[in-house]
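A.B. asks: What follows is run08.cif; its format and atoms are mmCIF, C-alpha atoms.
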data_input
#
loop_
_atom_site.label_atom_id
_atom_site.label_comp_id
_atom_site.auth_asym_id
_atom_site.auth_seq_id
_atom_site.Cartn_x
_atom_site.Cartn_y
_atom_site.Cartn_z
CA MET L 1 -18.36 -20.72 31.03
CA GLN L 2 -15.72 -18.49 32.68
CA ASN L 3 -12.95 -20.91 31.66
CA ALA L 4 -14.21 -20.91 28.05
CA LYS L 5 -14.19 -17.11 27.98
CA LEU L 6 -10.65 -16.98 29.42
CA LYS L 7 -9.53 -19.55 26.86
CA ASN L 8 -10.82 -17.39 23.98
CA TYR L 9 -9.23 -14.24 25.43
CA LEU L 10 -5.88 -16.02 25.61
CA HIS L 11 -6.39 -17.34 22.08
CA LEU L 12 -7.11 -13.80 20.87
CA HIS L 13 -3.87 -12.44 22.33
CA LEU L 14 -1.97 -15.38 20.87
CA LEU L 15 -3.35 -14.37 17.46
CA VAL L 16 -2.30 -10.74 18.02
CA PHE L 17 1.16 -11.93 19.06
CA ILE L 18 1.32 -14.06 15.88
CA ALA L 19 0.35 -10.99 13.82
CA GLY L 20 3.22 -9.06 15.42
CA PHE L 21 5.57 -11.95 14.72
CA THR L 22 4.86 -11.63 10.96
CA ALA L 23 7.27 -8.69 10.78
CA ILE L 24 9.96 -10.73 12.56
CA LEU L 25 9.67 -13.44 9.90
CA GLY L 26 9.85 -10.74 7.22
CA GLU L 27 13.21 -9.71 8.66
CA LEU L 28 14.49 -13.30 8.89
CA ILE L 29 13.49 -14.38 5.36
CA THR L 30 16.33 -13.47 2.99
CA ILE L 31 14.51 -13.47 -0.37
CA GLY L 32 12.99 -10.35 -1.97
CA SER L 33 9.54 -9.06 -1.05
CA ILE L 34 7.85 -10.15 -4.33
CA PRO L 35 8.92 -13.83 -4.20
CA LEU L 36 8.27 -13.78 -0.43
CA VAL L 37 4.63 -12.75 -0.97
CA TRP L 38 4.27 -15.20 -3.90
CA TYR L 39 5.35 -18.08 -1.65
CA ARG L 40 3.21 -16.84 1.25
CA MET L 41 0.03 -16.67 -0.83
CA THR L 42 0.73 -19.92 -2.68
CA ILE L 43 1.32 -21.98 0.46
CA ALA L 44 -1.51 -20.28 2.38
CA GLY L 45 -3.88 -20.79 -0.56
CA MET L 46 -3.06 -24.51 -0.68
CA LEU L 47 -3.57 -24.85 3.07
CA MET L 48 -6.85 -22.92 2.87
CA PHE L 49 -8.03 -25.17 0.02
CA GLY L 50 -7.26 -28.23 2.17
CA TYR L 51 -9.28 -26.68 5.01
CA ILE L 52 -12.21 -25.99 2.65
CA LYS L 53 -12.16 -29.60 1.43
CA PHE L 54 -11.90 -30.92 5.01
CA ARG L 55 -14.87 -28.80 6.14
CA LYS L 56 -16.71 -29.53 2.86
CA LEU L 57 -17.41 -25.84 2.31
CA LYS L 58 -19.02 -24.67 -0.92
CA ILE L 59 -16.76 -22.35 -2.91
CA LYS L 60 -18.87 -21.83 -6.04
CA ILE L 61 -19.62 -18.11 -6.54
CA GLU L 62 -20.84 -15.82 -9.32
CA LYS L 63 -18.32 -14.59 -11.88
CA ARG L 64 -18.94 -10.95 -10.94
CA THR L 65 -18.30 -11.70 -7.27
CA MET L 66 -15.14 -13.61 -8.16
CA LEU L 67 -13.80 -10.57 -10.00
CA LYS L 68 -14.36 -8.44 -6.89
CA PHE L 69 -12.50 -11.00 -4.77
CA PHE L 70 -9.69 -11.05 -7.32
CA ALA L 71 -9.37 -7.24 -7.17
CA ALA L 72 -9.14 -7.43 -3.37
CA GLY L 73 -6.52 -10.18 -3.71
CA VAL L 74 -4.33 -7.89 -5.81
CA ILE L 75 -4.65 -5.15 -3.16
CA ILE L 76 -3.62 -7.48 -0.30
CA ALA L 77 -0.69 -8.77 -2.40
CA LEU L 78 0.50 -5.19 -2.97
CA HIS L 79 0.01 -4.45 0.75
CA TRP L 80 2.21 -7.38 1.76
CA ILE L 81 4.87 -6.51 -0.84
CA THR L 82 5.14 -2.91 0.39
CA PHE L 83 5.05 -4.11 4.03
CA PHE L 84 7.95 -6.56 3.66
CA GLU L 85 9.88 -4.20 1.38
CA ALA L 86 9.52 -1.48 4.03
CA ILE L 87 11.16 -3.85 6.54
CA LYS L 88 14.03 -4.51 4.12
CA GLN L 89 14.45 -0.79 3.35
CA SER L 90 14.34 0.28 7.02
CA ASN L 91 13.56 -2.06 9.93
CA ILE L 92 10.67 -3.67 11.83
CA SER L 93 10.09 -0.79 14.25
CA ILE L 94 9.77 1.83 11.50
CA THR L 95 7.48 -0.41 9.41
CA LEU L 96 5.13 -1.27 12.28
CA ALA L 97 4.95 2.35 13.45
CA MET L 98 3.94 3.37 9.90
CA PHE L 99 1.54 0.42 9.68
CA SER L 100 -0.31 1.88 12.68
CA THR L 101 -1.41 4.81 10.48
CA GLY L 102 -3.89 2.42 8.82
CA ALA L 103 -6.62 3.48 11.27
CA PHE L 104 -6.14 7.09 10.10
CA PHE L 105 -6.61 6.09 6.45
CA ALA L 106 -9.62 3.90 7.32
CA SER L 107 -11.37 6.89 8.91
CA PHE L 108 -11.43 8.57 5.48
CA ILE L 109 -11.94 5.45 3.32
CA GLU L 110 -14.90 4.07 5.34
CA PRO L 111 -17.16 7.13 4.75
CA ILE L 112 -16.67 6.72 0.98
CA PHE L 113 -17.66 3.03 0.96
CA TYR L 114 -20.37 3.19 3.62
CA LYS L 115 -21.63 6.68 2.68
CA ARG L 116 -21.33 8.17 6.17
CA ARG L 117 -19.98 11.47 7.45
CA ILE L 118 -16.42 11.86 8.73
CA ILE L 119 -16.55 12.09 12.54
CA TRP L 120 -14.84 15.03 14.31
CA TYR L 121 -12.58 12.91 16.51
CA GLU L 122 -11.34 10.98 13.44
CA ILE L 123 -9.99 14.27 12.08
CA LEU L 124 -8.45 15.10 15.49
CA PHE L 125 -6.76 11.69 15.81
CA GLY L 126 -5.71 11.93 12.17
CA LEU L 127 -3.85 15.18 12.90
CA VAL L 128 -2.16 13.56 15.89
CA VAL L 129 -1.12 10.61 13.69
CA ILE L 130 0.34 13.00 11.09
CA PHE L 131 2.33 14.78 13.82
CA GLY L 132 3.54 11.40 15.14
CA VAL L 133 4.70 10.37 11.66
CA PHE L 134 6.42 13.77 11.30
CA LEU L 135 8.38 13.15 14.52
CA ILE L 136 9.39 9.67 13.35
CA THR L 137 10.43 10.94 9.92
CA ARG L 138 12.37 13.86 11.37
CA GLY L 139 14.25 11.61 13.77
CA GLU L 140 14.89 8.76 11.30
CA LEU L 141 15.28 10.47 7.92
CA LYS L 142 17.80 7.83 6.81
CA TYR L 143 14.88 5.37 6.67
CA ILE L 144 12.72 7.59 4.43
CA ASN L 145 12.19 4.82 1.81
CA GLY L 146 10.93 2.44 4.49
CA ILE L 147 8.71 5.17 5.96
CA ILE L 148 7.09 5.90 2.58
CA LEU L 149 6.60 2.20 1.81
CA GLY L 150 5.18 1.63 5.32
CA VAL L 151 2.61 4.40 4.85
CA ILE L 152 1.62 3.02 1.42
CA SER L 153 1.30 -0.45 3.00
CA ALA L 154 -0.98 0.97 5.72
CA LEU L 155 -3.15 2.70 3.09
CA LEU L 156 -3.51 -0.53 1.08
CA SER L 157 -4.25 -2.50 4.25
CA SER L 158 -7.05 -0.09 5.22
CA LEU L 159 -8.50 -0.16 1.71
CA PHE L 160 -8.43 -3.97 1.76
CA ALA L 161 -10.06 -4.14 5.22
CA VAL L 162 -12.90 -1.81 4.22
CA ILE L 163 -13.53 -3.71 0.95
CA ASN L 164 -13.48 -7.03 2.80
CA GLY L 165 -16.00 -5.60 5.26
CA THR L 166 -18.49 -5.29 2.40
CA PHE L 167 -17.82 -8.89 1.28
CA ILE L 168 -18.22 -10.50 4.70
CA GLN L 169 -21.86 -9.43 4.89
CA LYS L 170 -22.78 -11.87 2.12
CA HIS L 171 -20.03 -14.49 1.86
CA SER L 172 -18.02 -16.92 3.99
CA ALA L 173 -14.78 -15.40 5.25
CA THR L 174 -12.84 -18.58 4.41
CA VAL L 175 -14.09 -18.63 0.81
CA ILE L 176 -13.32 -14.92 0.40
CA SER L 177 -9.74 -15.44 1.57
CA PHE L 178 -9.22 -18.48 -0.62
CA TYR L 179 -10.14 -16.55 -3.79
CA GLU L 180 -8.05 -13.58 -2.66
CA PHE L 181 -5.00 -15.83 -2.17
CA VAL L 182 -5.54 -17.41 -5.59
CA SER L 183 -5.87 -14.03 -7.30
CA GLY L 184 -2.77 -12.73 -5.53
CA VAL L 185 -0.75 -15.70 -6.80
CA VAL L 186 -2.09 -15.25 -10.36
CA PHE L 187 -1.32 -11.51 -10.29
CA LEU L 188 2.22 -12.01 -8.97
CA THR L 189 2.89 -14.89 -11.38
CA ILE L 190 1.96 -12.69 -14.35
CA PHE L 191 4.06 -9.83 -12.92
CA ILE L 192 7.11 -12.10 -12.50
CA LEU L 193 6.70 -13.57 -16.01
CA VAL L 194 6.30 -10.16 -17.70
CA PHE L 195 8.58 -7.85 -15.68
CA LYS L 196 11.06 -10.14 -13.91
CA GLY L 197 12.02 -12.45 -16.77
CA GLY L 198 10.05 -15.42 -15.45
CA PHE L 199 10.82 -18.14 -12.93
CA ASP L 200 14.36 -19.48 -12.94
CA ALA L 201 16.12 -22.13 -10.86
CA GLU L 202 17.31 -19.45 -8.41
CA PHE L 203 13.70 -18.50 -7.61
CA PHE L 204 13.09 -21.99 -6.18
CA ALA L 205 16.57 -22.52 -4.71
CA LEU L 206 15.82 -21.33 -1.19
CA SER L 207 17.86 -22.02 1.91
CA PRO L 208 16.43 -24.52 4.44
CA SER L 209 15.87 -21.66 6.92
CA ASP L 210 13.90 -19.64 4.33
CA TRP L 211 11.65 -22.65 3.62
CA ILE L 212 10.98 -23.05 7.36
CA TYR L 213 10.27 -19.35 7.91
CA LEU L 214 8.05 -19.18 4.79
CA PHE L 215 6.03 -22.18 5.94
CA LEU L 216 5.58 -20.61 9.39
CA LEU L 217 4.53 -17.34 7.75
CA ALA L 218 2.01 -18.99 5.40
CA SER L 219 0.61 -21.56 7.81
CA ILE L 220 0.58 -20.07 11.32
CA CYS L 221 0.73 -16.33 10.52
CA THR L 222 -1.69 -16.48 7.59
CA ALA L 223 -3.99 -19.52 7.29
CA TYR L 224 -4.22 -20.40 11.00
CA ALA L 225 -4.35 -16.77 12.17
CA PHE L 226 -7.20 -16.03 9.80
CA ILE L 227 -9.30 -19.10 10.68
CA GLY L 228 -8.58 -18.55 14.40
CA GLY L 229 -9.57 -14.89 14.13
CA VAL L 230 -12.94 -15.79 12.61
CA LYS L 231 -13.55 -18.37 15.37
CA VAL L 232 -12.64 -15.96 18.20
CA MET L 233 -15.10 -13.33 16.94
CA LYS L 234 -17.93 -15.77 17.63
CA TYR L 235 -17.20 -15.60 21.38
CA ILE L 236 -15.59 -12.18 21.97
CA SER L 237 -17.04 -8.76 21.16
CA ALA L 238 -15.81 -6.87 18.12
CA TYR L 239 -14.76 -4.07 20.51
CA THR L 240 -12.29 -6.33 22.32
CA VAL L 241 -11.01 -7.86 19.08
CA VAL L 242 -10.36 -4.47 17.43
CA LEU L 243 -8.59 -3.03 20.48
CA SER L 244 -6.51 -6.18 20.92
CA TYR L 245 -5.33 -6.16 17.28
CA ASN L 246 -4.30 -2.53 17.72
CA LEU L 247 -1.61 -3.93 20.03
CA GLU L 248 0.02 -5.75 17.08
CA PRO L 249 2.66 -3.03 16.51
CA VAL L 250 3.42 -2.95 20.26
CA TYR L 251 4.07 -6.71 20.32
CA GLY L 252 6.04 -6.55 17.07
CA ILE L 253 8.26 -3.64 18.10
CA THR L 254 8.89 -5.23 21.53
CA LEU L 255 9.87 -8.53 19.89
CA ALA L 256 12.13 -6.69 17.43
CA LEU L 257 13.94 -4.88 20.25
CA ILE L 258 14.52 -8.20 22.04
CA LEU L 259 15.63 -10.17 18.96
CA PHE L 260 17.47 -7.47 16.97
CA PRO L 261 18.68 -4.84 19.48
CA ALA L 262 21.54 -3.66 17.23
CA THR L 263 19.27 -2.61 14.34
CA GLU L 264 15.98 -1.89 16.12
CA THR L 265 17.04 0.54 18.86
CA MET L 266 15.83 3.96 17.68
CA GLY L 267 16.22 7.59 18.72
CA SER L 268 13.91 9.24 21.27
CA GLN L 269 11.87 11.06 18.59
CA PHE L 270 10.88 7.72 17.08
CA TYR L 271 9.39 6.54 20.38
CA TYR L 272 7.59 9.86 20.98
CA GLY L 273 6.08 9.66 17.50
CA ALA L 274 5.23 5.95 17.81
CA ILE L 275 3.50 6.52 21.17
CA LEU L 276 1.40 9.32 19.61
CA VAL L 277 0.40 7.13 16.65
CA LEU L 278 -0.41 4.05 18.77
CA SER L 279 -2.31 6.10 21.36
CA SER L 280 -4.43 7.67 18.61
CA VAL L 281 -5.23 4.22 17.19
CA LEU L 282 -6.27 2.87 20.61
CA LEU L 283 -8.35 5.96 21.47
CA ASP L 284 -10.03 5.88 18.06
CA GLY L 285 -11.00 2.24 18.68
CA ILE L 286 -12.36 3.09 22.15
CA PHE L 287 -14.41 6.06 20.88
CA LYS L 288 -15.89 4.06 18.00
CA ASN L 289 -16.85 1.11 20.14
CA VAL L 290 -18.33 3.23 22.95
CA LYS L 291 -20.42 5.00 20.33
CA SER L 292 -21.49 1.64 18.86
CA TYR L 293 -22.37 0.32 22.34
CA LYS L 294 -24.53 3.41 23.10
CA ALA L 295 -26.31 3.05 19.74
CA ARG L 296 -27.12 -0.61 20.46
CA LYS L 297 -28.37 0.34 23.95
CA ARG L 298 -30.68 2.99 22.49
CA ASN L 299 -32.05 0.51 19.97
CA LEU L 300 -32.77 -2.00 22.75
CA HIS L 301 -34.69 0.65 24.70
CA LYS L 302 -36.75 1.44 21.59
CA ILE L 303 -37.62 -2.27 21.18
CA ASP L 304 -38.65 -2.48 24.86
#
What would you get if you wrote out this structure as structure tokens?

C.D. replies:
Amino acid sequence: MQNAKLKNYLHLHLLVFIAGFTAILGELITIGSIPLVWYRMTIAGMLMFGYIKFRKLKIKIEKRTMLKFFAAGVIIALHWITFFEAIKQSNISITLAMFSTGAFFASFIEPIFYKRRIIWYEILFGLVVIFGVFLITRGELKYINGIILGVISALLSSLFAVINGTFIQKHSATVISFYEFVSGVVFLTIFILVFKGGFDAEFFALSPSDWIYLFLLASICTAYAFIGGVKVMKYISAYTVVLSYNLEPVYGITLALILFPATETMGSQFYYGAILVLSSVLLDGIFKNVKSYKARKRNLHKID
């Protein structure tokens, strides 16, 4: 039993490491952010469809539900586009530091969707996050485009996560993702046809290294990471999973410093700001989960 638990903990941190490695691949892939996301969602959707067929999962859903999944798919596509474009406009460290502000946005989006009050410490941590972003911006003003895109990406990511949280209560996570990937591909295909002049030979003429990195991104960092994440949550508490995934920017920034020291070494204000943002995210996760644990404990006492 202990070995099984250790195995799942190690698997969880592997998944968090993979999530951090997504930004590294975004730096290595040379094509633009829109074709990058189109390839990512196309390949991941095909792999997910193969998994659904292998597991013989039912994917038939109501038309109204499908439209909701499609809307979420457009949001995640836009999130990924702004995320990878932020990397190209600035660097990995800036993008991941801005991506950490997602918890701040979620604290205001969640009350709207779940009709709950905003909690006092969410406001406090939100102010700390804003100050952290201010420090980063002040110290790295030359990366302002990447900073703005990173914040927009974090907002879209939080919106997507909250919307997906309402879906998961009624539908299979794998089926949800499959339809979201399909809708993202459809949306981007229409966008490319209408605004980018369509698909030409250059769009498909990728270098061998880009094909390899794209396949790693779509298979390991998308399809596998998602399926693995769902599996891990069956054995490890949501508290541990949430806190562990908050380490994604830490892993990503550390990897970036090791692999790209010339472009990723930042000024001291960046690190002060990033530490404030990351600390707020971790503390917010701890507060929320302690509160959730106490609520469950009270409910158990009532049942007894």

A.B. asks: Skip L:Gly32 itself and residues of its chain fewer than 4 positions away, then list as number ranges by chain all residues within 9 Å of it, counting all atoms listed in the file.

C.D. replies: L: 36-37, 84-85, 88

A.B. asks: Once you have the residues from the selection above, write them out as a tab-separated table (two decimals), in the frame of the given file, restricted to C-alpha atoms.

C.D. replies:
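What ended up in part.tsv:
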chain	number	residue	atom	x	y	z
L	36	LEU	CA	8.27	-13.78	-0.43
L	37	VAL	CA	4.63	-12.75	-0.97
L	84	PHE	CA	7.95	-6.56	3.66
L	85	GLU	CA	9.88	-4.20	1.38
L	88	LYS	CA	14.03	-4.51	4.12

A.B. asks: Please enumerate the residues selected by the PyMOL selection byres ((chain L and resi 157-169) around 8) when evaluated against the supplied file, formatted as a PyMOL selection string.

C.D. replies: chain L and resi 72+75-76+79+102-103+105-106+109-110+113+153-156+170-173+176

A.B. asks: Of the candidates L:Phe99, L:Tyr272, L:Phe131, L:Tyr121, which one gets nearest to L:Ile286 if we count all atoms listed in the file?

C.D. replies: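 Looking at the shortest contact to L:Ile286, the residue is L:Tyr121.
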
A.B. asks: Give me, please, the distance in Å between atom CA of L:Tyr224 and atom CA of L:Ile152, quoted to one decimal.

C.D. replies: 26.0 Å

A.B. asks: Quick one: apply the PyMOL selection byres ((chain L and resi 252-260) around 12) to the file and drop the selected residues here as a VMD selection string.

C.D. replies: chain L and resid 16 to 28 87 91 to 100 245 to 251 261 to 266 270 to 271 274 to 275 278

A.B. asks: Step by step, work through what the PyMOL selection byres ((chain L and resi 214) around 8) selects in the shown file, and finish by giving those residues as a VMD selection string.

C.D. replies: chain L and resid 25 29 36 39 to 40 210 to 213 215 to 218

A.B. asks: Work out how far apart atom CA of L:Leu12 and atom CA of L:Phe125 are and give it in Å to one decimal.

C.D. replies: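 These atoms are spaced 26.0 Å apart.
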
A.B. asks: Return the single residue from L:Thr30, L:Gln89, L:Thr189, L:Ser107 that is closest to L:Ile148, with distances computed using all atoms listed in the file.

C.D. replies: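 Answer, going by the shortest atom-to-atom distance: L:Gln89.
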
A.B. asks: Quick check, in Å to one decimal: how far apart do atom CA of L:Pro111 and atom CA of L:Gly228 lie?

C.D. replies: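 Computed distance, atom CA of L:Pro111 to atom CA of L:Gly228, equals 28.7 Å.
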
A.B. asks: Please fill the gaps in stretch 64-78 of chain L so it has N, CA and C atoms, and write that as a PDB file, in the frame of the given file.

C.D. replies:
ATOM      1  N   ARG L  64     -19.102 -12.354 -11.322  1.00  0.00           N
ATOM      2  CA  ARG L  64     -18.940 -10.950 -10.940  1.00  0.00           C
ATOM      3  C   ARG L  64     -18.346 -10.834  -9.535  1.00  0.00           C
ATOM      4  N   THR L  65     -18.814 -11.693  -8.639  1.00  0.00           N
ATOM      5  CA  THR L  65     -18.300 -11.700  -7.270  1.00  0.00           C
ATOM      6  C   THR L  65     -16.844 -12.131  -7.243  1.00  0.00           C
ATOM      7  N   MET L  66     -16.513 -13.122  -8.077  1.00  0.00           N
ATOM      8  CA  MET L  66     -15.140 -13.610  -8.160  1.00  0.00           C
ATOM      9  C   MET L  66     -14.187 -12.504  -8.600  1.00  0.00           C
ATOM     10  N   LEU L  67     -14.630 -11.680  -9.534  1.00  0.00           N
ATOM     11  CA  LEU L  67     -13.800 -10.570 -10.000  1.00  0.00           C
ATOM     12  C   LEU L  67     -13.533  -9.564  -8.886  1.00  0.00           C
ATOM     13  N   LYS L  68     -14.542  -9.342  -8.034  1.00  0.00           N
ATOM     14  CA  LYS L  68     -14.360  -8.440  -6.890  1.00  0.00           C
ATOM     15  C   LYS L  68     -13.344  -9.021  -5.913  1.00  0.00           C
ATOM     16  N   PHE L  69     -13.454 -10.334  -5.657  1.00  0.00           N
ATOM     17  CA  PHE L  69     -12.500 -11.000  -4.770  1.00  0.00           C
ATOM     18  C   PHE L  69     -11.088 -10.930  -5.353  1.00  0.00           C
ATOM     19  N   PHE L  70     -10.993 -11.093  -6.657  1.00  0.00           N
ATOM     20  CA  PHE L  70      -9.690 -11.050  -7.320  1.00  0.00           C
ATOM     21  C   PHE L  70      -9.061  -9.660  -7.190  1.00  0.00           C
ATOM     22  N   ALA L  71      -9.883  -8.609  -7.322  1.00  0.00           N
ATOM     23  CA  ALA L  71      -9.370  -7.240  -7.170  1.00  0.00           C
ATOM     24  C   ALA L  71      -8.840  -7.025  -5.757  1.00  0.00           C
ATOM     25  N   ALA L  72      -9.580  -7.535  -4.763  1.00  0.00           N
ATOM     26  CA  ALA L  72      -9.140  -7.430  -3.370  1.00  0.00           C
ATOM     27  C   ALA L  72      -7.853  -8.221  -3.143  1.00  0.00           C
ATOM     28  N   GLY L  73      -7.721  -9.356  -3.817  1.00  0.00           N
ATOM     29  CA  GLY L  73      -6.520 -10.180  -3.710  1.00  0.00           C
ATOM     30  C   GLY L  73      -5.279  -9.450  -4.215  1.00  0.00           C
ATOM     31  N   VAL L  74      -5.448  -8.682  -5.273  1.00  0.00           N
ATOM     32  CA  VAL L  74      -4.330  -7.890  -5.810  1.00  0.00           C
ATOM     33  C   VAL L  74      -3.927  -6.810  -4.795  1.00  0.00           C
ATOM     34  N   ILE L  75      -4.927  -6.194  -4.154  1.00  0.00           N
ATOM     35  CA  ILE L  75      -4.650  -5.150  -3.160  1.00  0.00           C
ATOM     36  C   ILE L  75      -3.879  -5.715  -1.975  1.00  0.00           C
ATOM     37  N   ILE L  76      -4.303  -6.898  -1.471  1.00  0.00           N
ATOM     38  CA  ILE L  76      -3.620  -7.480  -0.300  1.00  0.00           C
ATOM     39  C   ILE L  76      -2.203  -7.932  -0.688  1.00  0.00           C
ATOM     40  N   ALA L  77      -2.030  -8.385  -1.927  1.00  0.00           N
ATOM     41  CA  ALA L  77      -0.690  -8.770  -2.400  1.00  0.00           C
ATOM     42  C   ALA L  77       0.225  -7.540  -2.412  1.00  0.00           C
ATOM     43  N   LEU L  78      -0.285  -6.426  -2.923  1.00  0.00           N
ATOM     44  CA  LEU L  78       0.500  -5.190  -2.970  1.00  0.00           C
ATOM     45  C   LEU L  78       0.782  -4.670  -1.551  1.00  0.00           C
TER      46      LEU L  78
END
